[in-house]
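Chemist: Contents are compact mmCIF, C-alpha atoms; file name target.txt:
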```
# COMPACT_ATOMS: atom_id res chain seq x y z
CA MET A 230 148.15 103.82 109.49
CA TYR A 231 148.89 106.74 111.78
CA GLY A 232 145.81 108.53 110.48
CA PHE A 233 143.66 105.48 111.17
CA LEU A 234 145.01 105.12 114.72
CA LYS A 235 144.31 108.80 115.29
CA TRP A 236 140.74 108.22 114.09
CA VAL A 237 140.22 105.30 116.52
CA GLU A 238 141.67 107.41 119.32
CA GLY A 239 139.20 110.15 118.38
CA LEU A 240 136.29 107.72 118.75
CA GLY A 241 137.38 106.75 122.26
CA ALA A 242 138.07 110.30 123.33
CA TRP A 243 134.80 111.62 121.97
CA THR A 244 132.76 108.92 123.71
CA VAL A 245 134.51 109.34 127.07
CA ASN A 246 134.46 113.13 126.99
CA THR A 247 130.84 113.44 125.98
CA PHE A 248 129.23 110.75 128.16
CA ASN A 249 126.36 112.65 129.75
CA VAL A 250 124.14 111.01 132.35
CA ASN A 251 122.23 114.23 133.07
CA ALA A 252 121.25 114.58 129.40
CA PHE A 253 120.07 110.96 129.48
CA ILE A 254 117.88 111.57 132.52
CA ASP A 255 116.51 114.82 131.06
CA SER A 256 115.57 113.06 127.82
CA LEU A 257 113.53 110.36 129.58
CA GLN A 258 110.59 112.79 129.73
CA TYR A 259 110.41 112.67 125.92
CA MET A 260 110.21 108.89 126.05
CA GLY A 261 107.26 109.12 128.43
CA LYS A 262 105.52 111.95 126.56
CA GLY A 263 106.17 110.46 123.12
CA MET A 264 104.90 106.97 123.91
CA ALA A 265 101.91 108.37 125.81
CA VAL A 266 100.85 110.60 122.90
CA ILE A 267 101.32 107.84 120.32
CA LEU A 268 99.26 105.39 122.37
CA ILE A 269 96.48 107.96 122.99
CA VAL A 270 96.31 108.93 119.30
CA THR A 271 96.26 105.26 118.36
CA VAL A 272 93.34 104.55 120.71
CA VAL A 273 91.44 107.48 119.17
CA LEU A 274 92.19 106.15 115.68
CA ILE A 275 91.03 102.66 116.65
CA LEU A 276 87.74 104.09 117.92
CA CYS A 277 87.33 106.13 114.73
CA VAL A 278 87.88 103.09 112.53
CA TYR A 279 85.38 101.06 114.58
CA LEU A 280 82.85 103.88 114.21
CA LEU A 281 83.52 104.14 110.48
CA ASN A 282 83.07 100.39 110.09
CA VAL A 283 79.82 100.43 112.07
CA ALA A 284 78.46 103.54 110.37
CA THR A 285 79.07 102.21 106.87
CA LYS A 286 78.15 98.59 107.58
CA GLU A 287 74.66 98.64 106.02
CA LYS A 288 75.98 100.12 102.84
CA ASN A 289 78.12 97.04 102.13
CA MET B 217 150.51 113.86 83.03
CA GLU B 218 150.97 116.62 85.56
CA ILE B 219 147.19 116.90 86.06
CA LEU B 220 146.96 113.16 86.68
CA TYR B 221 149.76 113.39 89.23
CA GLU B 222 148.09 116.34 90.97
CA THR B 223 144.75 114.53 91.19
CA ILE B 224 146.31 111.35 92.58
CA MET B 225 148.25 113.37 95.12
CA GLN B 226 144.95 114.79 96.40
CA LEU B 227 143.70 111.29 97.21
CA GLN B 228 143.32 110.60 100.94
CA TRP B 229 143.04 107.22 102.67
CA GLN B 230 139.59 108.17 103.95
CA GLN B 231 138.37 108.48 100.36
CA VAL B 232 139.66 105.00 99.56
CA VAL B 233 137.77 103.69 102.60
CA MET B 234 134.63 105.36 101.24
CA TRP B 235 135.16 103.60 97.87
CA ILE B 236 135.25 100.33 99.78
CA ILE B 237 132.08 101.26 101.70
CA GLY B 238 130.44 102.23 98.40
CA GLY B 239 131.53 98.89 96.94
CA ILE B 240 130.07 97.03 99.92
CA LEU B 241 126.72 98.83 99.49
CA ILE B 242 126.67 97.95 95.78
CA TYR B 243 127.56 94.33 96.62
CA LEU B 244 124.79 94.10 99.22
CA ALA B 245 122.31 95.62 96.76
CA ILE B 246 123.17 93.32 93.83
CA LYS B 247 124.30 90.11 95.46
CA LYS B 248 122.15 90.09 98.60
CA ASP B 249 119.17 92.02 97.16
CA MET B 250 119.20 94.34 100.19
CA GLU B 251 117.13 97.49 99.45
CA PRO B 252 118.79 97.63 95.98
CA THR B 253 116.78 100.64 94.83
CA LEU B 254 118.51 102.79 97.44
CA LEU B 255 121.71 101.03 98.45
CA LEU B 256 122.96 100.78 94.87
CA PRO B 257 122.62 104.50 94.05
CA MET B 258 124.01 105.36 97.50
CA GLY B 259 126.95 103.03 96.97
CA PHE B 260 127.78 104.40 93.55
CA GLY B 261 127.23 107.94 94.80
CA ALA B 262 129.65 107.29 97.66
CA ILE B 263 132.36 106.49 95.10
CA LEU B 264 131.34 109.45 92.95
CA VAL B 265 131.69 112.08 95.67
CA ASN B 266 134.91 110.64 97.05
CA LEU B 267 137.03 110.95 93.94
CA PRO B 268 139.64 113.68 94.39
CA LEU B 269 138.37 117.05 93.12
CA SER B 270 135.11 115.34 92.13
CA GLY B 271 133.05 117.29 89.62
CA ALA B 272 129.93 115.48 90.86
CA ILE B 273 129.80 117.51 94.07
CA HIS B 274 128.27 120.58 92.42
CA PRO B 275 125.38 118.90 90.55
CA LEU B 276 124.63 116.69 93.56
CA THR B 277 124.61 119.76 95.80
CA GLU B 278 122.08 121.35 93.45
CA LEU B 279 119.96 118.19 93.56
CA PHE B 280 120.26 118.06 97.35
CA ASN B 281 119.08 121.64 97.71
CA ALA B 282 116.30 121.11 95.21
CA GLY B 283 114.95 117.88 96.65
CA ILE B 284 116.21 116.96 100.09
CA ALA B 285 117.08 120.18 101.91
CA ASN B 286 113.50 121.30 101.30
CA GLU B 287 112.17 117.75 102.07
CA LEU B 288 110.50 117.52 98.64
CA PHE B 289 111.85 114.10 97.56
CA PRO B 290 110.84 112.18 100.72
CA LEU B 291 107.38 113.74 100.70
CA LEU B 292 106.83 112.89 97.03
CA LEU B 293 108.01 109.37 97.79
CA PHE B 294 105.39 109.20 100.52
CA ILE B 295 102.64 109.72 97.91
CA GLY B 296 103.94 106.62 96.13
CA ILE B 297 104.19 104.63 99.35
CA GLY B 298 100.67 105.66 100.36
CA ALA B 299 99.37 104.49 96.98
CA MET B 300 101.10 101.13 97.47
CA ILE B 301 99.67 100.34 100.91
CA ASP B 302 96.46 98.39 101.35
CA PHE B 303 95.13 99.29 104.78
CA GLY B 304 92.41 96.61 104.45
CA PRO B 305 93.87 94.15 107.00
CA LEU B 306 94.19 97.00 109.49
CA LEU B 307 90.71 98.40 108.87
CA SER B 308 89.16 94.97 109.32
CA ASN B 309 90.90 94.52 112.67
CA PRO B 310 91.72 98.03 113.94
CA LYS B 311 92.87 97.00 117.41
CA LEU B 312 96.08 95.80 115.75
CA MET B 313 97.10 99.45 115.59
CA ILE B 314 98.12 99.38 119.23
CA PHE B 315 101.09 97.13 118.35
CA GLY B 316 102.26 99.58 115.71
CA ALA B 317 102.25 102.27 118.38
CA ALA B 318 104.12 100.15 120.93
CA ALA B 319 106.78 99.26 118.38
CA GLN B 320 107.92 102.88 118.25
CA PHE B 321 109.47 102.44 121.69
CA GLY B 322 112.90 101.96 120.14
CA ILE B 323 112.81 105.52 118.78
CA PHE B 324 112.43 107.14 122.18
CA PHE B 325 114.76 104.70 123.93
CA THR B 326 117.45 105.44 121.36
CA LEU B 327 116.90 109.16 121.77
CA SER B 328 117.84 108.87 125.44
CA LEU B 329 120.75 106.57 124.68
CA ALA B 330 122.10 108.96 122.03
CA ARG B 331 121.96 111.76 124.59
CA LEU B 332 123.82 109.52 127.05
CA VAL B 333 126.73 109.03 124.65
CA GLY B 334 126.92 112.76 124.05
CA PHE B 335 125.01 113.66 120.90
CA GLU B 336 123.34 117.06 120.79
CA ILE B 337 119.56 116.91 121.11
CA ASN B 338 118.89 117.58 117.40
CA ASP B 339 121.34 114.87 116.37
CA ALA B 340 120.07 112.46 119.04
CA ALA B 341 116.50 112.91 117.81
CA SER B 342 117.57 112.43 114.19
CA ILE B 343 119.49 109.27 115.07
CA ALA B 344 116.56 107.96 117.11
CA ILE B 345 114.23 108.24 114.12
CA ILE B 346 116.25 105.47 112.43
CA GLY B 347 113.94 103.36 114.60
CA ALA B 348 111.00 104.55 112.50
CA ALA B 349 112.33 102.00 109.97
CA ASP B 350 111.16 104.38 107.33
CA GLY B 351 113.64 106.16 105.06
CA PRO B 352 111.57 109.21 104.03
CA THR B 353 110.62 109.96 107.67
CA SER B 354 114.27 109.70 108.68
CA ILE B 355 115.30 112.13 105.92
CA VAL B 356 112.59 114.66 106.76
CA VAL B 357 113.34 114.62 110.50
CA ALA B 358 117.15 114.67 110.16
CA GLN B 359 116.95 117.46 107.61
CA ALA B 360 114.38 119.53 109.53
CA LEU B 361 116.47 119.24 112.71
CA LYS B 362 119.60 120.17 110.75
CA SER B 363 121.50 117.10 111.88
CA ASN B 364 125.18 116.89 111.00
CA TYR B 365 124.90 113.16 110.33
CA VAL B 366 122.29 112.83 107.56
CA GLY B 367 124.50 110.49 105.48
CA ALA B 368 125.22 108.08 108.31
CA ILE B 369 121.58 108.13 109.42
CA MET B 370 120.41 107.24 105.91
CA VAL B 371 122.90 104.42 105.52
CA ALA B 372 121.89 103.02 108.92
CA ALA B 373 118.14 103.40 108.24
CA TYR B 374 118.16 101.67 104.87
CA SER B 375 120.72 99.03 105.82
CA TYR B 376 118.84 97.96 108.93
CA MET B 377 115.52 97.94 107.05
CA ALA B 378 117.11 95.44 104.71
CA LEU B 379 118.52 93.51 107.67
CA VAL B 380 115.15 93.06 109.42
CA PRO B 381 115.16 89.28 108.66
CA ILE B 382 118.48 89.03 110.49
CA ILE B 383 117.83 91.49 113.34
CA GLN B 384 114.30 90.58 114.44
CA PRO B 385 114.22 86.75 114.80
CA PRO B 386 116.90 86.49 117.51
CA VAL B 387 115.32 89.34 119.49
CA ILE B 388 111.88 87.76 119.24
CA LYS B 389 113.22 84.36 120.28
CA LEU B 390 115.04 85.89 123.22
CA ILE B 391 111.91 87.43 124.74
CA THR B 392 109.27 84.81 123.88
CA THR B 393 108.87 81.16 124.77
CA LYS B 394 108.29 78.43 122.19
CA LYS B 395 104.81 77.98 123.61
CA GLU B 396 104.05 81.66 123.01
CA ARG B 397 105.41 81.50 119.48
CA MET B 398 103.08 78.58 118.72
CA ILE B 399 99.90 80.41 119.77
CA LYS B 400 97.34 80.34 116.96
CA MET B 401 95.12 83.32 116.32
CA ASP B 402 91.75 83.24 114.58
CA TYR B 403 91.33 85.63 111.72
CA LYS B 404 87.79 87.00 111.73
CA PRO B 405 87.95 90.25 109.80
CA MET B 406 85.15 92.81 109.91
CA ALA B 407 83.69 93.78 106.56
CA VAL B 408 85.26 97.00 105.32
CA SER B 409 83.18 99.24 103.10
CA LYS B 410 84.56 101.33 100.26
CA LEU B 411 83.40 104.44 102.12
CA THR B 412 85.52 103.46 105.15
CA ARG B 413 88.53 102.98 102.91
CA ILE B 414 87.99 106.45 101.44
CA LEU B 415 87.33 108.18 104.76
CA PHE B 416 90.21 106.48 106.60
CA PRO B 417 93.07 108.53 105.06
CA ILE B 418 91.12 111.75 105.59
CA VAL B 419 90.28 110.97 109.23
CA ILE B 420 93.85 109.87 110.00
CA THR B 421 95.24 113.08 108.51
CA ILE B 422 92.88 115.29 110.51
CA ILE B 423 93.38 113.52 113.86
CA THR B 424 97.16 113.21 113.67
CA GLY B 425 97.36 116.74 112.28
CA LEU B 426 95.49 118.08 115.30
CA VAL B 427 97.73 116.22 117.75
CA ALA B 428 101.07 116.68 115.99
CA PRO B 429 100.83 119.50 113.43
CA GLU B 430 104.45 118.93 112.38
CA SER B 431 103.46 115.50 111.11
CA VAL B 432 100.87 116.87 108.66
CA ALA B 433 103.27 116.94 105.72
CA LEU B 434 104.41 113.37 106.34
CA ILE B 435 101.06 111.80 107.16
CA GLY B 436 99.22 114.05 104.68
CA PHE B 437 101.30 113.01 101.67
CA LEU B 438 101.16 109.34 102.73
CA MET B 439 97.39 109.49 103.09
CA PHE B 440 96.96 111.50 99.89
CA GLY B 441 98.64 108.64 98.06
CA ASN B 442 96.32 106.19 99.78
CA LEU B 443 93.23 108.25 98.95
CA ILE B 444 94.24 108.21 95.27
CA ARG B 445 94.46 104.42 95.53
CA GLU B 446 91.14 103.91 97.31
CA CYS B 447 88.90 106.51 95.66
CA GLY B 448 88.40 104.26 92.64
CA VAL B 449 88.33 107.03 90.05
CA LEU B 450 92.06 107.77 89.80
CA ASP B 451 93.50 104.41 88.88
CA ASN B 452 95.92 105.94 86.40
CA LEU B 453 97.26 108.40 88.98
CA SER B 454 97.46 105.63 91.57
CA GLU B 455 99.48 103.47 89.21
CA THR B 456 101.73 106.39 88.30
CA ALA B 457 102.32 107.22 91.98
CA GLN B 458 103.10 103.59 92.83
CA LYS B 459 105.46 102.99 89.95
CA VAL B 460 106.73 106.01 88.00
CA LEU B 461 106.75 108.60 90.79
CA ALA B 462 108.12 106.27 93.47
CA ASN B 463 110.83 104.91 91.16
CA LEU B 464 111.85 108.31 89.86
CA VAL B 465 112.12 109.89 93.30
CA THR B 466 113.95 106.85 94.68
CA LEU B 467 116.43 107.09 91.82
CA PHE B 468 117.31 110.67 92.70
CA LEU B 469 117.05 110.16 96.45
CA GLY B 470 119.75 107.50 96.74
CA ILE B 471 122.38 109.23 94.67
CA THR B 472 121.62 112.64 96.17
CA ILE B 473 121.93 111.38 99.75
CA ALA B 474 125.41 110.18 98.76
CA LEU B 475 126.45 113.84 98.84
CA LYS B 476 126.52 113.44 102.62
CA MET B 477 128.85 110.45 102.28
CA GLN B 478 131.92 112.51 101.54
CA ALA B 479 134.77 111.09 103.60
CA ASN B 480 135.20 114.17 105.76
CA LEU B 481 131.49 114.15 106.68
CA PHE B 482 130.90 110.41 106.89
CA LEU B 483 134.09 108.83 108.15
CA THR B 484 133.90 110.19 111.65
CA PRO B 485 133.93 108.31 114.94
CA GLN B 486 130.30 109.32 115.41
CA THR B 487 129.24 107.31 112.34
CA LEU B 488 130.15 104.07 114.11
CA LEU B 489 128.10 105.14 117.12
CA ILE B 490 125.17 106.02 114.85
CA LEU B 491 125.28 102.57 113.24
CA GLY B 492 125.26 101.03 116.74
CA LEU B 493 122.42 103.24 117.94
CA GLY B 494 120.39 102.46 114.82
CA LEU B 495 120.65 98.78 115.63
CA VAL B 496 119.55 99.48 119.21
CA ALA B 497 116.52 101.36 117.84
CA PHE B 498 115.43 98.37 115.72
CA VAL B 499 116.00 95.93 118.60
CA PHE B 500 113.94 97.99 121.05
CA ASP B 501 111.17 98.60 118.50
CA THR B 502 110.85 94.83 118.28
CA PHE B 503 111.02 94.56 122.07
CA GLY B 504 108.27 97.18 122.54
CA GLY B 505 105.87 95.51 120.12
CA VAL B 506 106.35 92.01 121.54
CA MET B 507 106.13 93.12 125.16
CA ILE B 508 102.80 94.94 124.72
CA ALA B 509 101.34 91.75 123.21
CA LYS B 510 102.66 89.79 126.19
CA LEU B 511 101.11 92.39 128.49
CA PHE B 512 97.71 91.97 126.82
CA ASN B 513 98.01 88.20 127.18
CA LEU B 514 98.07 88.61 130.98
CA PHE B 515 94.43 89.77 130.76
CA LEU B 516 93.16 87.54 127.96
CA LYS B 517 91.44 84.19 128.49
CA PRO B 518 93.07 80.98 127.20
CA GLY B 519 92.06 80.46 123.58
CA LYS B 520 91.90 84.23 123.04
CA LYS B 521 95.57 84.91 123.67
CA LEU B 522 97.72 86.72 121.13
CA ASN B 523 100.82 85.37 119.54
CA PRO B 524 103.28 87.98 120.89
CA MET B 525 105.40 87.74 117.76
CA ILE B 526 102.83 89.83 115.85
CA GLY B 527 103.88 92.83 117.97
CA ALA B 528 107.29 92.76 116.32
CA SER B 529 105.66 93.55 112.97
CA GLY B 530 104.82 96.98 114.32
CA ILE B 531 108.23 98.10 113.12
CA SER B 532 107.29 99.86 109.94
CA ALA B 533 109.68 98.11 107.54
CA PHE B 534 106.84 97.09 105.23
CA PRO B 535 106.22 94.32 104.23
CA MET B 536 109.44 92.66 105.31
CA SER B 537 108.71 92.60 109.02
CA ALA B 538 105.27 91.05 108.46
CA ARG B 539 106.82 88.31 106.32
CA VAL B 540 109.61 87.63 108.82
CA VAL B 541 107.17 87.08 111.69
CA HIS B 542 104.86 85.01 109.48
CA LYS B 543 107.79 82.78 108.49
CA MET B 544 108.79 82.42 112.12
CA SER B 545 105.28 81.27 113.03
CA LEU B 546 105.35 78.72 110.21
CA ALA B 547 108.75 77.49 111.38
CA GLU B 548 107.29 76.81 114.84
CA ASP B 549 104.07 75.27 113.52
CA SER B 550 103.47 74.79 109.80
CA SER B 551 99.71 75.23 110.27
CA ASN B 552 99.99 78.60 112.03
CA PHE B 553 99.18 81.38 109.55
CA LEU B 554 99.69 84.80 111.07
CA LEU B 555 100.19 86.75 107.84
CA MET B 556 96.95 88.78 107.88
CA HIS B 557 97.59 89.79 111.49
CA THR B 558 101.20 90.70 110.85
CA ILE B 559 100.33 92.71 107.72
CA GLY B 560 97.74 94.66 109.71
CA VAL B 561 100.26 95.40 112.47
CA ASN B 562 102.93 96.25 109.91
CA VAL B 563 100.85 98.92 108.12
CA SER B 564 99.81 100.35 111.48
CA GLY B 565 103.53 100.66 112.23
CA GLN B 566 103.84 102.78 109.09
CA ILE B 567 101.26 105.21 110.45
CA ALA B 568 102.67 105.18 113.99
CA SER B 569 106.22 105.81 112.79
CA VAL B 570 105.08 108.89 110.89
CA ILE B 571 103.25 110.14 113.99
CA ALA B 572 106.44 109.51 116.00
CA GLY B 573 108.40 111.51 113.42
CA GLY B 574 105.91 114.36 113.76
CA LEU B 575 106.19 114.25 117.56
CA ILE B 576 109.98 114.35 117.39
CA LEU B 577 109.71 117.41 115.14
CA GLY B 578 107.21 118.93 117.55
CA PHE B 579 109.51 118.35 120.54
CA PHE B 580 112.75 119.54 118.98
CA GLY B 581 111.93 121.33 115.72
```
What does this structure look like when you write it as structure tokens?

Modeler:
Amino acid sequence: MYGFLKWVEGLGAWTVNTFNVNAFIDSLQYMGKGMAVILIVTVVLILCVYLLNVATKEKN
Amino acid sequence: MEILYETIMQLQWQQVVMWIIGGILIYLAIKKDMEPTLLLPMGFGAILVNLPLSGAIHPLTELFNAGIANELFPLLLFIGIGAMIDFGPLLSNPKLMIFGAAAQFGIFFTLSLARLVGFEINDAASIAIIGAADGPTSIVVAQALKSNYVGAIMVAAYSYMALVPIIQPPVIKLITTKKERMIKMDYKPMAVSKLTRILFPIVITIITGLVAPESVALIGFLMFGNLIRECGVLDNLSETAQKVLANLVTLFLGITIALKMQANLFLTPQTLLILGLGLVAFVFDTFGGVMIAKLFNLFLKPGKKLNPMIGASGISAFPMSARVVHKMSLAEDSSNFLLMHTIGVNVSGQIASVIAGGLILGFFG
């Protein structure tokens, strides 16, 4: 029981001691970059698939 | 008798807790049919590695080094997954891919949140990739970034994938109106030639490889599997990849991952946080997909509007997410069949999640 209580205490202490607003703000750039790149790549892929569909249409 | 006494005296309460966790995973796999191919081996493995002085640690360590530390198992599994996926619904309506992209929002949101609660950047990125809703991608990223929490990340990733029918509906209902959920969408697919089906995996590999070189292994193996399926001359290999290869790798994957479920590695305060963050990732993936559909609806004419629920299928848990959204549409209106749309979005989520994994590796690898 003591071990378990110690474990719960560790959870609280770790969370409080490591709460890091600066790291959160710094990481927001990755959210912006990541979503932007995924959306751009996706648009390129959509265009490619449209082109593939058009280019191979007559061969159906 | 003395040996028995010595072994029992080595037993710690944390190991007993891990037996219970292992038992719960086995129960969920057998009784609730939740990702049984992985949760059952993981559950049994959790018991195996948490017996005092367990002799299973050494062989499992060898398997881990041979198949997971070098990312071999997840990549081989990707060949099988690629061979299983029919990209037809996506190829016939390619604009659906945008929802797969938007539904990766949860990954990047969770990355920031994990940093906020104090995880190191490599661990935060590995935790965030739980939102890819894709086990092999999670393993590759967590392993490549040398995360300390591979076991917890795997348990969260596979558990939440199985819990998609429970996680997604309340989120979707919270951010959509009944009127939106009843929107009907015409299904007018473009004809897709065999040549397009063959060229698609090659083109995808080249484009994503140029943008995110770190994703080449992931997307390349996935698309290789799909090329085997679509080429039409390798039916035997395709069948082997879908069944024998995928099953064999899955068998080893689950029990090997359990190596990271030793009590001293798994039963840490951080594991609880990881389980919470994994849930956040799934919730915000769903949010991202639905919200982009709602955004499009602002610009679409009445009669052409999208049912925003299809965006939620962009989470790559295939095909569960597509089925969940389809069932929700039928529950609102029994004549509203969204399945072909949701399948298209769902397979696009598979591609987008791999690209996201590659980007994460590119940013932090």

Chemist: Which value, in Å to one decimal, gives the distance between CA of Leu268 in chain A and CA of Met544 in chain B?

Modeler: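 Atom-to-atom, CA of Leu268 in chain A and CA of Met544 in chain B are spaced 26.9 Å apart.
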
Chemist: Sorted by chain and rising residue number, list the residues of chain A at most 8 Å from chain B (counting all atoms listed in the file), each with its closest atom pair and distance in Å to one decimal, as a Markdown table.

Modeler:
```
| residue | atom | partner | partner_atom | distance |
| --- | --- | --- | --- | --- |
| A:Trp236 | CA | B:Pro485 | CA | 6.9 |
| A:Val237 | CA | B:Pro485 | CA | 7.1 |
| A:Gly239 | CA | B:Pro485 | CA | 6.6 |
| A:Leu240 | CA | B:Pro485 | CA | 4.5 |
| A:Trp243 | CA | B:Pro485 | CA | 7.8 |
| A:Thr244 | CA | B:Val333 | CA | 6.1 |
| A:Thr247 | CA | B:Gly334 | CA | 4.4 |
| A:Phe248 | CA | B:Val333 | CA | 4.6 |
| A:Asn249 | CA | B:Leu332 | CA | 4.9 |
| A:Val250 | CA | B:Leu332 | CA | 5.5 |
| A:Asn251 | CA | B:Leu332 | CA | 7.8 |
| A:Ala252 | CA | B:Arg331 | CA | 5.6 |
| A:Phe253 | CA | B:Leu332 | CA | 4.7 |
| A:Ile254 | CA | B:Ser328 | CA | 7.6 |
| A:Ser256 | CA | B:Ser328 | CA | 5.3 |
| A:Leu257 | CA | B:Ser328 | CA | 6.2 |
| A:Tyr259 | CA | B:Phe324 | CA | 7.0 |
| A:Met260 | CA | B:Phe324 | CA | 4.8 |
| A:Gly263 | CA | B:Leu575 | CA | 6.7 |
| A:Met264 | CA | B:Phe321 | CA | 6.8 |
| A:Ile267 | CA | B:Ala317 | CA | 6.0 |
| A:Leu268 | CA | B:Ala317 | CA | 5.9 |
| A:Val270 | CA | B:Thr424 | CA | 7.1 |
| A:Thr271 | CA | B:Ile314 | CA | 6.2 |
| A:Val272 | CA | B:Ile314 | CA | 7.2 |
| A:Leu274 | CA | B:Ile420 | CA | 7.0 |
| A:Ile275 | CA | B:Pro310 | CA | 5.4 |
| A:Cys277 | CA | B:Val419 | CA | 7.9 |
| A:Val278 | CA | B:Pro310 | CA | 6.5 |
| A:Tyr279 | CA | B:Pro310 | CA | 7.1 |
| A:Leu281 | CA | B:Thr412 | CA | 5.7 |
| A:Asn282 | CA | B:Val408 | CA | 6.2 |
| A:Thr285 | CA | B:Ser409 | CA | 6.3 |
| A:Lys286 | CA | B:Ser409 | CA | 6.8 |
| A:Lys288 | CA | B:Ser409 | CA | 7.3 |
| A:Asn289 | CA | B:Ser409 | CA | 5.6 |
```

Chemist: Tell me, as a ChimeraX atom specification, which residues lie within 7 Å of Asn562 in chain B, counting only C-alpha atoms; anything in the same chain fewer than 5 positions away does not count.

Modeler: /B:316,529-532,534-535,537-538

Chemist: Just give me the residues with any atom within 12 Å of (104.1, 108.3, 89.4), file coordinates, counting only C-alpha atoms, written as an mmCIF file with C-alpha atoms, in the frame of the given file.

Modeler:
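Wrote it out as point-v6.cif, contents follow:
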```cif
data_model
loop_
_atom_site.group_PDB
_atom_site.id
_atom_site.type_symbol
_atom_site.label_atom_id
_atom_site.label_comp_id
_atom_site.auth_asym_id
_atom_site.auth_seq_id
_atom_site.Cartn_x
_atom_site.Cartn_y
_atom_site.Cartn_z
ATOM 1 C CA LEU B 292 106.830 112.890 97.030
ATOM 2 C CA LEU B 293 108.010 109.370 97.790
ATOM 3 C CA PHE B 294 105.390 109.200 100.520
ATOM 4 C CA ILE B 295 102.640 109.720 97.910
ATOM 5 C CA GLY B 296 103.940 106.620 96.130
ATOM 6 C CA ILE B 297 104.190 104.630 99.350
ATOM 7 C CA GLY B 298 100.670 105.660 100.360
ATOM 8 C CA ALA B 299 99.370 104.490 96.980
ATOM 9 C CA MET B 300 101.100 101.130 97.470
ATOM 10 C CA GLY B 441 98.640 108.640 98.060
ATOM 11 C CA ILE B 444 94.240 108.210 95.270
ATOM 12 C CA ASP B 451 93.500 104.410 88.880
ATOM 13 C CA ASN B 452 95.920 105.940 86.400
ATOM 14 C CA LEU B 453 97.260 108.400 88.980
ATOM 15 C CA SER B 454 97.460 105.630 91.570
ATOM 16 C CA GLU B 455 99.480 103.470 89.210
ATOM 17 C CA THR B 456 101.730 106.390 88.300
ATOM 18 C CA ALA B 457 102.320 107.220 91.980
ATOM 19 C CA GLN B 458 103.100 103.590 92.830
ATOM 20 C CA LYS B 459 105.460 102.990 89.950
ATOM 21 C CA VAL B 460 106.730 106.010 88.000
ATOM 22 C CA LEU B 461 106.750 108.600 90.790
ATOM 23 C CA ALA B 462 108.120 106.270 93.470
ATOM 24 C CA ASN B 463 110.830 104.910 91.160
ATOM 25 C CA LEU B 464 111.850 108.310 89.860
ATOM 26 C CA VAL B 465 112.120 109.890 93.300
ATOM 27 C CA THR B 466 113.950 106.850 94.680
#
```

Chemist: Within 8 Å of range 353-361 of chain B, counting only C-alpha atoms, which residues qualify if same-chain residues fewer than 2 places away don't, as a list in words?

Modeler: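 Surrounding residues, per the criterion: Ile284, Ala285, Glu287, Pro290, Asn338, Asp339, Ala341, Ser342, Ile343, Ile345, Ile346, Ala348, Asp350, Gly351, Ser363, Tyr365, Val366, Ile369, Met370, Ala373, Leu434, Ser569, Val570, Gly573, Ile576, Leu577, Phe580 and Gly581 of chain B.
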
Chemist: Neighbours of Met439 in chain B within 7 Å (only C-alpha atoms; same-chain residues fewer than 4 positions away dropped), as a PyMOL selection string?

Modeler: chain B and resi 298+417+421+435+443

Chemist: May I ask for the distance between CA of Ala474 in chain B and CA of Asp249 in chain B, given in Å to one decimal place?

Modeler: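 CA of Asp249 in chain B lies at a distance of 19.3 Å from CA of Ala474 in chain B.
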
Chemist: By how many Å are CA of Leu516 in chain B and CA of Ile391 in chain B apart?

Modeler: 19.0 Å
